[in-house]
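As structure tokens, the structure follows; a few thoughts come after it.
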Amino acid sequence: MLNYILFLAGENDNTLGDAGNLIVSLVVIGLIGFATYLLIVSILKSRNKRETIDNELIDGVCSRKDLVQAMADFVVKYRRNNEFTLMYIEIQNIANLKEIFGVRQFDRFKQIMITNLRSVLPRNALLCQFNPNEYMILLRGIISQDKTESFANRVLDAIAMPINVGNQADGEITLQALMGIVIYPLNGINEKELFNNAEIALYKSKKEGTDRYTIFTDELNKTEQTNIAYYREIKEAIRKKEFTFFYHPIIDVKNNTVFGVEAFIRWNHPVLGVLPPNKFLTIMEHSGDISWVGRWGIEELCKQLNEWNKVMPGIEFKVSVNLSPKQLMDEKISEDFLAIVKANHVQPSSISLEIVEFAMFEKFGIVAQNIEKLSKLGFSMAIDDFGVEANTLAKLSTLPIKIVKLDRKFVENTKDNFIITKIVNMLVEVAANENLSLVAEGVEDLEILNFVKGFNIFNCQGYVFTKPLNASDMTSYLKEEKWKEVTSQKANLRPIGEEEKVEETEILPTPEE
């Protein structure tokens with residue numbers, strides 16, 4: 001059309017003159033502006049239509065603003081002559097579903113979960129969403145404690161109903177939730193007090209495990225208020241992605257290659273700098289955020305492995321990370337981990353999962369079951385800080401363990417201890433018979449490296465090679481094969497006999513990991 005108008009203007013140039021050309025130009029500009037306006041309106045209508053579709057996915061769910069208004073309206077209407085109950089719910093294992101399955105599947109999971117949840121809500125209940133994994137339920141009126149507890153259990157059961165994944169071959173997903181419960185006006189008379197106390201009750205639930213609720217009490221406020229501030233700071237750090245991994249190599253000194261790389265979590269605190277895990281993992285254990293650490297950790301390891309494969313094609317070493325006892329008591333851990341490695345196109349065998357406490361096998365059956373499941377899926381299972389004790393050797397053959405990491409104390413205690421030396425030699429024999437890989441930790445200098453080699457233990461980890469490095473520095477370390485600067489130095493490989501006195505060596509102190 002524009003070309004046609006300009007064409008006419010050209011044809012009538014002599015007739016219209018300069019004034020006519022100006023008028024035609026203005027008309028053309030106006031038409032262009034009008035067409036642009038129509039285009040923008042069309043885009044906005046399309047976006048609004050999409051937003052309407054998104055809202056339909058969570059039909060019947062209101063916002064935090066709506067919840068606060070409903071609470072205020074209730075208080076104005078009834079003054080303080082009535083009660084209402086707030087249930088603060090956190091869906092524990094929903095965080096990675098969007099990344100694993102995609103936005104469309106994630107929206108479907110959320111819609112099904114909300115449908116299941118609304119099916120148990122009474123007519124006077126209001127369901128509100130704070131973010132993708134946090135919801136609140138407002139129950140108007142006086143409810144007895146028995147009914148509150150019964151309803152809380154029904155809510156948890158509704159959230160935990162299995163959801164079919166769909167066309168994929170992964171079967172079903174099961175969501176888990178935790179809950180903190182407060183009552184107006186008993187536990188607060190305004191929005192701030194109620195939300196704060198609900199969060200404290202939720203934190204208490206997190207400390208105790210999964211699929212449970214806690215009803216707020218004044219005593220709870222006294223015992224948990226100190227931790228809750230730090231808990232909130234950690235929550236904010238998770239949201240801002242302030243956590244990272246540092247990496248420590250495990251070197252096969254016999255073949256002069258990399259046996260593996262262990263990942264240590266660190267917190268890039270905006271004020272305090274890089275913090276080691278002993279500064280925050282205990283709180284995360286109590287709060288339940290340790291489960292997030294596990295899923296986030298596997299995701300990070302997968303991404304890092306893919307990065308290393310790009311710059312060093314065909315790498316064969318494993319990347320390892322510790323699992324805490326609480327993580328190993330999560331019934332969904334194997335399903336979550338498998339979904340993550342599949343989504344990142346990484347083989348489970350490339351990842352080693354280290355169990356910190358050997359005694360957990362015997363104390364809790366769920367731990368042994370999860371280790372068995374993870375092993376069958378292809379993950380390499382390792383025992384970290386394995387104690388040099390004779391009664392533990394026989395148990396190795398009964399567990400799906402591929403790697404045994406010797407407690408660094410073995411280096412300290414073996415040199416002049418005939419019995420421990422005997423046990424270590426037995427362990428080396430058991431490892432050979434059971435096809436286990438042994439790793440010596442705490443190898444801090446060449447003398448200790450030589451000492452460990454004397455037991456025919458060749459996979460070594462310690463500051464003799466390097467301190468833990470960030471991802472970029474570890475990439476350079478691996479590409480440049482810097483460990484060879486250590487292994488190229490001559491070391492005596494003579495076997496250490498049981499009767500031989502080994503000269504005492506001071507072990508360098510190792511920073512906390």
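Labels used: A, B, ... for chains in the order of the structure tokens, numbers from 1 for residues in each chain, and numbers from 1 for ligands as shown.
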Range 189-292 of chain A residues near range 434-448 of chain A within 12 Å, closest pair each, using only C-alpha atoms, as CSV:
```
residue,atom,partner,partner_atom,distance
A:His248,CA,A:Glu441,CA,10.9
A:Pro249,CA,A:Glu441,CA,10.8
A:Ile250,CA,A:Val439,CA,7.8
A:Ile251,CA,A:Val439,CA,9.1
A:Asp252,CA,A:Val439,CA,9.0
A:Val253,CA,A:Val439,CA,10.9
A:Phe259,CA,A:Val439,CA,9.3
A:Gly260,CA,A:Val439,CA,10.0
A:Val261,CA,A:Val439,CA,11.8
A:Glu262,CA,A:Glu441,CA,11.3
```
Pick out the residues sitting within 10 Å of Thr466 in chain A, and hand them over as a tab-separated table (two decimals) with all heavy atoms, in the first residue's frame; count only C-alpha atoms, and ignore anything fewer than 2 positions along from it in its own chain.
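part-v4.tsv, freshly written:
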```
chain	number	residue	atom	x	y	z
A	247	TYR	N	36.53	-27.55	43.74
A	247	TYR	CA	36.85	-28.92	43.33
A	247	TYR	C	38.25	-29.31	43.79
A	247	TYR	O	39.16	-28.48	43.80
A	247	TYR	CB	36.74	-29.06	41.81
A	247	TYR	CG	35.35	-28.79	41.28
A	247	TYR	CD1	34.97	-27.50	40.91
A	247	TYR	CD2	34.40	-29.80	41.19
A	247	TYR	CE1	33.69	-27.24	40.44
A	247	TYR	CE2	33.12	-29.56	40.72
A	247	TYR	CZ	32.77	-28.27	40.36
A	247	TYR	OH	31.49	-28.03	39.91
A	248	HIS	N	38.38	-30.59	44.17
A	248	HIS	CA	39.65	-31.12	44.66
A	248	HIS	C	39.97	-32.40	43.90
A	248	HIS	O	39.14	-33.32	43.87
A	248	HIS	CB	39.54	-31.41	46.16
A	248	HIS	CG	40.84	-31.30	46.88
A	248	HIS	ND1	41.07	-31.89	48.10
A	248	HIS	CD2	41.99	-30.66	46.57
A	248	HIS	CE1	42.30	-31.62	48.49
A	248	HIS	NE2	42.87	-30.87	47.58
A	249	PRO	N	41.14	-32.50	43.26
A	249	PRO	CA	41.44	-33.68	42.44
A	249	PRO	C	41.84	-34.90	43.27
A	249	PRO	O	42.41	-34.78	44.36
A	249	PRO	CB	42.62	-33.20	41.59
A	249	PRO	CG	43.32	-32.20	42.46
A	249	PRO	CD	42.22	-31.51	43.22
A	444	GLU	N	49.18	-34.79	52.32
A	444	GLU	CA	49.52	-33.37	52.36
A	444	GLU	C	50.94	-33.04	51.91
A	444	GLU	O	51.26	-31.88	51.68
A	444	GLU	CB	49.31	-32.82	53.78
A	444	GLU	CG	47.99	-33.20	54.43
A	444	GLU	CD	46.76	-32.74	53.65
A	444	GLU	OE1	46.91	-32.08	52.61
A	444	GLU	OE2	45.64	-33.03	54.07
A	461	GLN	N	44.37	-38.15	47.52
A	461	GLN	CA	43.74	-36.83	47.53
A	461	GLN	C	44.32	-36.02	48.67
A	461	GLN	O	44.43	-36.51	49.79
A	461	GLN	CB	42.22	-36.98	47.71
A	461	GLN	CG	41.46	-35.66	47.74
A	461	GLN	CD	39.96	-35.87	47.89
A	461	GLN	OE1	39.49	-37.01	48.00
A	461	GLN	NE2	39.20	-34.79	47.89
A	462	GLY	N	44.72	-34.78	48.38
A	462	GLY	CA	45.28	-33.96	49.44
A	462	GLY	C	45.93	-32.70	48.92
A	462	GLY	O	46.06	-32.50	47.70
A	463	TYR	N	46.37	-31.88	49.83
A	463	TYR	CA	46.95	-30.59	49.49
A	463	TYR	C	48.33	-30.72	48.85
A	463	TYR	O	48.88	-29.72	48.38
A	463	TYR	CB	47.01	-29.71	50.74
A	463	TYR	CG	45.71	-29.02	51.05
A	463	TYR	CD1	44.56	-29.75	51.31
A	463	TYR	CD2	45.62	-27.63	51.06
A	463	TYR	CE1	43.36	-29.13	51.59
A	463	TYR	CE2	44.43	-26.99	51.34
A	463	TYR	CZ	43.30	-27.75	51.61
A	463	TYR	OH	42.11	-27.12	51.88
A	464	VAL	N	48.90	-31.91	48.83
A	464	VAL	CA	50.17	-32.08	48.13
A	464	VAL	C	50.00	-31.76	46.64
A	464	VAL	O	50.93	-31.30	45.98
A	464	VAL	CB	50.73	-33.51	48.31
A	464	VAL	CG1	49.85	-34.55	47.62
A	464	VAL	CG2	52.16	-33.60	47.79
A	468	PRO	N	41.54	-27.00	47.22
A	468	PRO	CA	40.32	-26.96	46.39
A	468	PRO	C	40.27	-25.70	45.54
A	468	PRO	O	40.62	-24.61	46.00
A	468	PRO	CB	39.19	-26.98	47.43
A	468	PRO	CG	39.79	-27.68	48.61
A	468	PRO	CD	41.22	-27.24	48.65
A	469	LEU	N	39.87	-25.86	44.29
A	469	LEU	CA	39.87	-24.77	43.32
A	469	LEU	C	38.47	-24.51	42.79
A	469	LEU	O	37.65	-25.43	42.74
A	469	LEU	CB	40.80	-25.10	42.14
A	469	LEU	CG	42.25	-25.45	42.48
A	469	LEU	CD1	42.96	-25.98	41.23
A	469	LEU	CD2	42.98	-24.23	43.03
A	474	MET	N	40.15	-25.12	38.30
A	474	MET	CA	40.27	-26.57	38.18
A	474	MET	C	40.34	-26.99	36.72
A	474	MET	O	41.05	-27.94	36.37
A	474	MET	CB	39.08	-27.25	38.88
A	474	MET	CG	39.10	-28.79	38.79
A	474	MET	SD	40.67	-29.55	39.30
A	474	MET	CE	40.70	-29.19	41.04
A	477	TYR	N	43.84	-26.48	35.76
A	477	TYR	CA	44.65	-27.50	36.43
A	477	TYR	C	44.60	-28.82	35.67
A	477	TYR	O	45.63	-29.47	35.45
A	477	TYR	CB	44.14	-27.68	37.86
A	477	TYR	CG	44.93	-28.67	38.69
A	477	TYR	CD1	45.99	-28.26	39.49
A	477	TYR	CD2	44.60	-30.03	38.69
A	477	TYR	CE1	46.71	-29.17	40.26
A	477	TYR	CE2	45.32	-30.94	39.45
A	477	TYR	CZ	46.36	-30.51	40.23
A	477	TYR	OH	47.07	-31.41	40.98
A	482	LYS	N	48.63	-30.35	35.89
A	482	LYS	CA	49.55	-29.79	36.87
A	482	LYS	C	49.91	-30.77	37.98
A	482	LYS	O	50.92	-30.55	38.68
A	482	LYS	CB	48.93	-28.52	37.47
A	482	LYS	CG	48.89	-27.36	36.48
A	482	LYS	CD	48.43	-26.07	37.16
A	482	LYS	CE	48.46	-24.90	36.18
A	482	LYS	NZ	48.00	-23.64	36.82
A	483	TRP	N	49.10	-31.83	38.17
A	483	TRP	CA	49.47	-32.80	39.19
A	483	TRP	C	50.79	-33.49	38.89
A	483	TRP	O	51.46	-33.99	39.78
A	483	TRP	CB	48.34	-33.84	39.35
A	483	TRP	CG	48.21	-34.77	38.18
A	483	TRP	CD1	48.86	-35.95	37.99
A	483	TRP	CD2	47.40	-34.58	37.02
A	483	TRP	NE1	48.52	-36.54	36.80
A	483	TRP	CE2	47.60	-35.71	36.18
A	483	TRP	CE3	46.52	-33.60	36.61
A	483	TRP	CZ2	46.94	-35.86	34.96
A	483	TRP	CZ3	45.85	-33.76	35.40
A	483	TRP	CH2	46.08	-34.86	34.59
A	486	VAL	N	53.92	-32.78	40.75
A	486	VAL	CA	54.15	-33.49	42.01
A	486	VAL	C	54.59	-34.92	41.74
A	486	VAL	O	55.59	-35.40	42.29
A	486	VAL	CB	52.87	-33.49	42.88
A	486	VAL	CG1	53.08	-34.32	44.14
A	486	VAL	CG2	52.47	-32.07	43.21
```
Item to check | Distance of CA of Ala432 in chain A from CA of Lys254 in chain A, expressed in Å to one decimal place | outcome: 15.4 Å
So that I can check the surroundings of Asn82 in chain A, please list as a tab-separated table (two decimals) with all heavy atoms, in the first residue's frame every protein, DNA and RNA residue that reaches within 9 Å of it, counting only C-alpha atoms and ignoring chain neighbours fewer than 3 positions away.
```tsv
chain	number	residue	atom	x	y	z
A	74	PHE	N	-11.81	-10.17	57.23
A	74	PHE	CA	-12.34	-11.05	58.27
A	74	PHE	C	-12.23	-10.40	59.65
A	74	PHE	O	-13.16	-10.45	60.45
A	74	PHE	CB	-11.58	-12.38	58.24
A	74	PHE	CG	-12.11	-13.41	59.19
A	74	PHE	CD1	-13.12	-14.27	58.81
A	74	PHE	CD2	-11.59	-13.52	60.47
A	74	PHE	CE1	-13.62	-15.22	59.69
A	74	PHE	CE2	-12.08	-14.46	61.37
A	74	PHE	CZ	-13.10	-15.32	60.97
A	75	VAL	N	-11.08	-9.78	59.89
A	75	VAL	CA	-10.85	-9.13	61.19
A	75	VAL	C	-11.83	-7.97	61.38
A	75	VAL	O	-12.40	-7.78	62.46
A	75	VAL	CB	-9.40	-8.65	61.31
A	75	VAL	CG1	-9.22	-7.79	62.55
A	75	VAL	CG2	-8.45	-9.85	61.35
A	78	TYR	N	-15.42	-9.47	62.05
A	78	TYR	CA	-15.65	-10.19	63.30
A	78	TYR	C	-14.89	-9.62	64.49
A	78	TYR	O	-14.98	-10.14	65.60
A	78	TYR	CB	-15.26	-11.67	63.13
A	78	TYR	CG	-16.16	-12.42	62.18
A	78	TYR	CD1	-15.76	-12.67	60.87
A	78	TYR	CD2	-17.41	-12.86	62.58
A	78	TYR	CE1	-16.58	-13.35	59.98
A	78	TYR	CE2	-18.25	-13.54	61.70
A	78	TYR	CZ	-17.82	-13.78	60.41
A	78	TYR	OH	-18.64	-14.45	59.54
A	79	ARG	N	-14.12	-8.56	64.23
A	79	ARG	CA	-13.24	-8.03	65.26
A	79	ARG	C	-12.36	-9.17	65.80
A	79	ARG	O	-11.73	-9.86	65.04
A	79	ARG	CB	-14.05	-7.36	66.38
A	79	ARG	CG	-14.92	-6.22	65.88
A	79	ARG	CD	-14.08	-5.11	65.28
A	79	ARG	NE	-14.92	-4.04	64.76
A	79	ARG	CZ	-14.44	-2.97	64.13
A	79	ARG	NH1	-13.15	-2.85	63.95
A	79	ARG	NH2	-15.24	-2.04	63.67
A	140	ARG	N	-11.40	-19.94	57.65
A	140	ARG	CA	-12.15	-18.99	58.48
A	140	ARG	C	-12.95	-19.74	59.54
A	140	ARG	O	-13.49	-20.81	59.28
A	140	ARG	CB	-13.07	-18.15	57.63
A	140	ARG	CG	-12.36	-17.36	56.53
A	140	ARG	CD	-13.37	-16.64	55.65
A	140	ARG	NE	-12.74	-15.89	54.56
A	140	ARG	CZ	-12.47	-16.38	53.37
A	140	ARG	NH1	-12.75	-17.64	53.10
A	140	ARG	NH2	-11.91	-15.62	52.44
A	141	GLY	N	-13.01	-19.15	60.73
A	141	GLY	CA	-13.82	-19.73	61.79
A	141	GLY	C	-13.00	-20.53	62.79
A	141	GLY	O	-11.81	-20.78	62.61
A	142	ILE	N	-13.66	-20.93	63.87
A	142	ILE	CA	-13.01	-21.68	64.93
A	142	ILE	C	-12.94	-23.16	64.55
A	142	ILE	O	-13.94	-23.77	64.18
A	142	ILE	CB	-13.78	-21.52	66.25
A	142	ILE	CG1	-13.79	-20.05	66.68
A	142	ILE	CG2	-13.17	-22.38	67.35
A	142	ILE	CD1	-14.66	-19.76	67.88
A	184	TYR	N	-5.17	-17.15	64.38
A	184	TYR	CA	-5.48	-15.76	64.76
A	184	TYR	C	-6.61	-15.79	65.78
A	184	TYR	O	-7.59	-16.52	65.59
A	184	TYR	CB	-5.90	-14.96	63.53
A	184	TYR	CG	-6.51	-13.62	63.88
A	184	TYR	CD1	-5.71	-12.50	64.03
A	184	TYR	CD2	-7.89	-13.48	64.09
A	184	TYR	CE1	-6.27	-11.26	64.36
A	184	TYR	CE2	-8.45	-12.26	64.43
A	184	TYR	CZ	-7.64	-11.16	64.56
A	184	TYR	OH	-8.19	-9.94	64.90
A	185	PRO	N	-6.54	-15.02	66.86
A	185	PRO	CA	-5.48	-14.08	67.26
A	185	PRO	C	-4.47	-14.69	68.23
A	185	PRO	O	-3.63	-13.97	68.77
A	185	PRO	CB	-6.28	-12.97	67.94
A	185	PRO	CG	-7.41	-13.69	68.59
A	185	PRO	CD	-7.75	-14.85	67.68
```
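Separating CA of His345 in chain A from CA of Ala160 in chain A is a distance of 28.1 Å.
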Next on the checklist: Residues near Phe216 in chain A, anyone? I mean within 7 Å using only C-alpha atoms, not counting same-chain ones fewer than 3 positions away, as JSON, numbers by chain.
Outcome noted: {"A": [181, 182, 197, 198, 201, 220]}
Print the selection's residues with N, CA, C and O atoms to a file, as an mmCIF file, in the first residue's frame.
```cif
data_model
loop_
_atom_site.group_PDB
_atom_site.id
_atom_site.type_symbol
_atom_site.label_atom_id
_atom_site.label_comp_id
_atom_site.auth_asym_id
_atom_site.auth_seq_id
_atom_site.Cartn_x
_atom_site.Cartn_y
_atom_site.Cartn_z
ATOM 1 N N ILE A 181 1.615 -24.043 61.020
ATOM 2 C CA ILE A 181 0.225 -23.642 61.249
ATOM 3 C C ILE A 181 0.169 -22.600 62.358
ATOM 4 O O ILE A 181 0.777 -22.762 63.428
ATOM 5 N N VAL A 182 -0.572 -21.508 62.119
ATOM 6 C CA VAL A 182 -0.803 -20.474 63.135
ATOM 7 C C VAL A 182 -2.300 -20.171 63.202
ATOM 8 O O VAL A 182 -3.043 -20.403 62.238
ATOM 9 N N ASN A 197 5.408 -16.138 62.502
ATOM 10 C CA ASN A 197 5.240 -17.329 63.338
ATOM 11 C C ASN A 197 4.931 -18.570 62.513
ATOM 12 O O ASN A 197 5.333 -19.683 62.872
ATOM 13 N N ALA A 198 4.237 -18.383 61.408
ATOM 14 C CA ALA A 198 3.985 -19.520 60.505
ATOM 15 C C ALA A 198 5.301 -20.027 59.920
ATOM 16 O O ALA A 198 5.508 -21.237 59.753
ATOM 17 N N ALA A 201 7.102 -22.069 62.566
ATOM 18 C CA ALA A 201 6.502 -23.402 62.659
ATOM 19 C C ALA A 201 6.920 -24.274 61.472
ATOM 20 O O ALA A 201 7.202 -25.468 61.627
ATOM 21 N N LEU A 220 7.971 -22.543 71.065
ATOM 22 C CA LEU A 220 8.661 -22.725 69.786
ATOM 23 C C LEU A 220 9.325 -21.420 69.361
ATOM 24 O O LEU A 220 10.444 -21.414 68.845
#
```
Item to check | Spatial neighbours of Leu86 in chain A, max dist 7 Å, only C-alpha atoms, sep filter under 5 positions, as number ranges by chain | outcome: A: 136-139, 181-183
I'd like the contact shell of Ser375 in chain A - 10 Å cut-off, only C-alpha atoms, skipping same-chain residues fewer than 2 positions apart - returned as a CSV table (one decimal) with N, CA and C atoms, in the first residue's frame.
```csv
chain,number,residue,atom,x,y,z
A,334,SER,N,16.6,-41.2,44.6
A,334,SER,CA,17.0,-41.9,43.4
A,334,SER,C,16.3,-41.4,42.2
A,348,PRO,N,24.9,-41.8,34.8
A,348,PRO,CA,25.1,-41.8,36.2
A,348,PRO,C,26.4,-42.4,36.7
A,349,SER,N,27.0,-43.2,35.9
A,349,SER,CA,28.3,-43.8,36.2
A,349,SER,C,29.4,-42.7,36.3
A,352,SER,N,30.0,-40.0,41.4
A,352,SER,CA,30.2,-40.8,42.6
A,352,SER,C,29.6,-40.1,43.8
A,353,LEU,N,28.7,-40.8,44.5
A,353,LEU,CA,28.0,-40.3,45.6
A,353,LEU,C,28.7,-40.9,46.9
A,369,GLN,N,18.3,-49.0,51.4
A,369,GLN,CA,17.5,-49.2,50.2
A,369,GLN,C,17.8,-48.1,49.1
A,370,ASN,N,18.0,-46.9,49.6
A,370,ASN,CA,18.3,-45.8,48.6
A,370,ASN,C,19.7,-46.0,48.0
A,371,ILE,N,20.7,-46.5,48.8
A,371,ILE,CA,22.0,-46.8,48.2
A,371,ILE,C,21.9,-47.9,47.2
A,372,GLU,N,21.1,-48.9,47.5
A,372,GLU,CA,20.9,-50.0,46.5
A,372,GLU,C,20.3,-49.5,45.2
A,373,LYS,N,19.3,-48.6,45.4
A,373,LYS,CA,18.6,-48.1,44.2
A,373,LYS,C,19.5,-47.2,43.4
A,377,LEU,N,20.9,-47.8,39.5
A,377,LEU,CA,20.7,-46.8,38.4
A,377,LEU,C,22.1,-46.5,37.7
A,378,GLY,N,23.2,-46.9,38.3
A,378,GLY,CA,24.5,-46.7,37.7
A,378,GLY,C,25.4,-45.7,38.4
A,379,PHE,N,24.9,-45.0,39.5
A,379,PHE,CA,25.8,-44.1,40.2
A,379,PHE,C,26.8,-44.9,41.0
A,380,SER,N,28.0,-44.4,41.0
A,380,SER,CA,29.1,-45.1,41.8
A,380,SER,C,29.0,-44.7,43.3
A,381,MET,N,28.8,-45.6,44.1
A,381,MET,CA,28.7,-45.3,45.6
A,381,MET,C,30.0,-45.5,46.3
A,399,LEU,N,27.6,-54.7,50.6
A,399,LEU,CA,27.0,-53.4,50.2
A,399,LEU,C,27.5,-53.1,48.8
A,400,PRO,N,26.6,-52.3,48.1
A,400,PRO,CA,26.9,-52.0,46.7
A,400,PRO,C,27.9,-50.8,46.6
A,401,ILE,N,29.1,-51.0,47.2
A,401,ILE,CA,30.1,-49.9,47.2
A,401,ILE,C,31.2,-50.2,46.2
A,402,LYS,N,31.6,-49.1,45.5
A,402,LYS,CA,32.6,-49.2,44.5
A,402,LYS,C,33.9,-48.5,45.0
```
Item to check | d(CA of Ile265 in chain A, CA of Phe245 in chain A) in Å | outcome: 4.6 Å
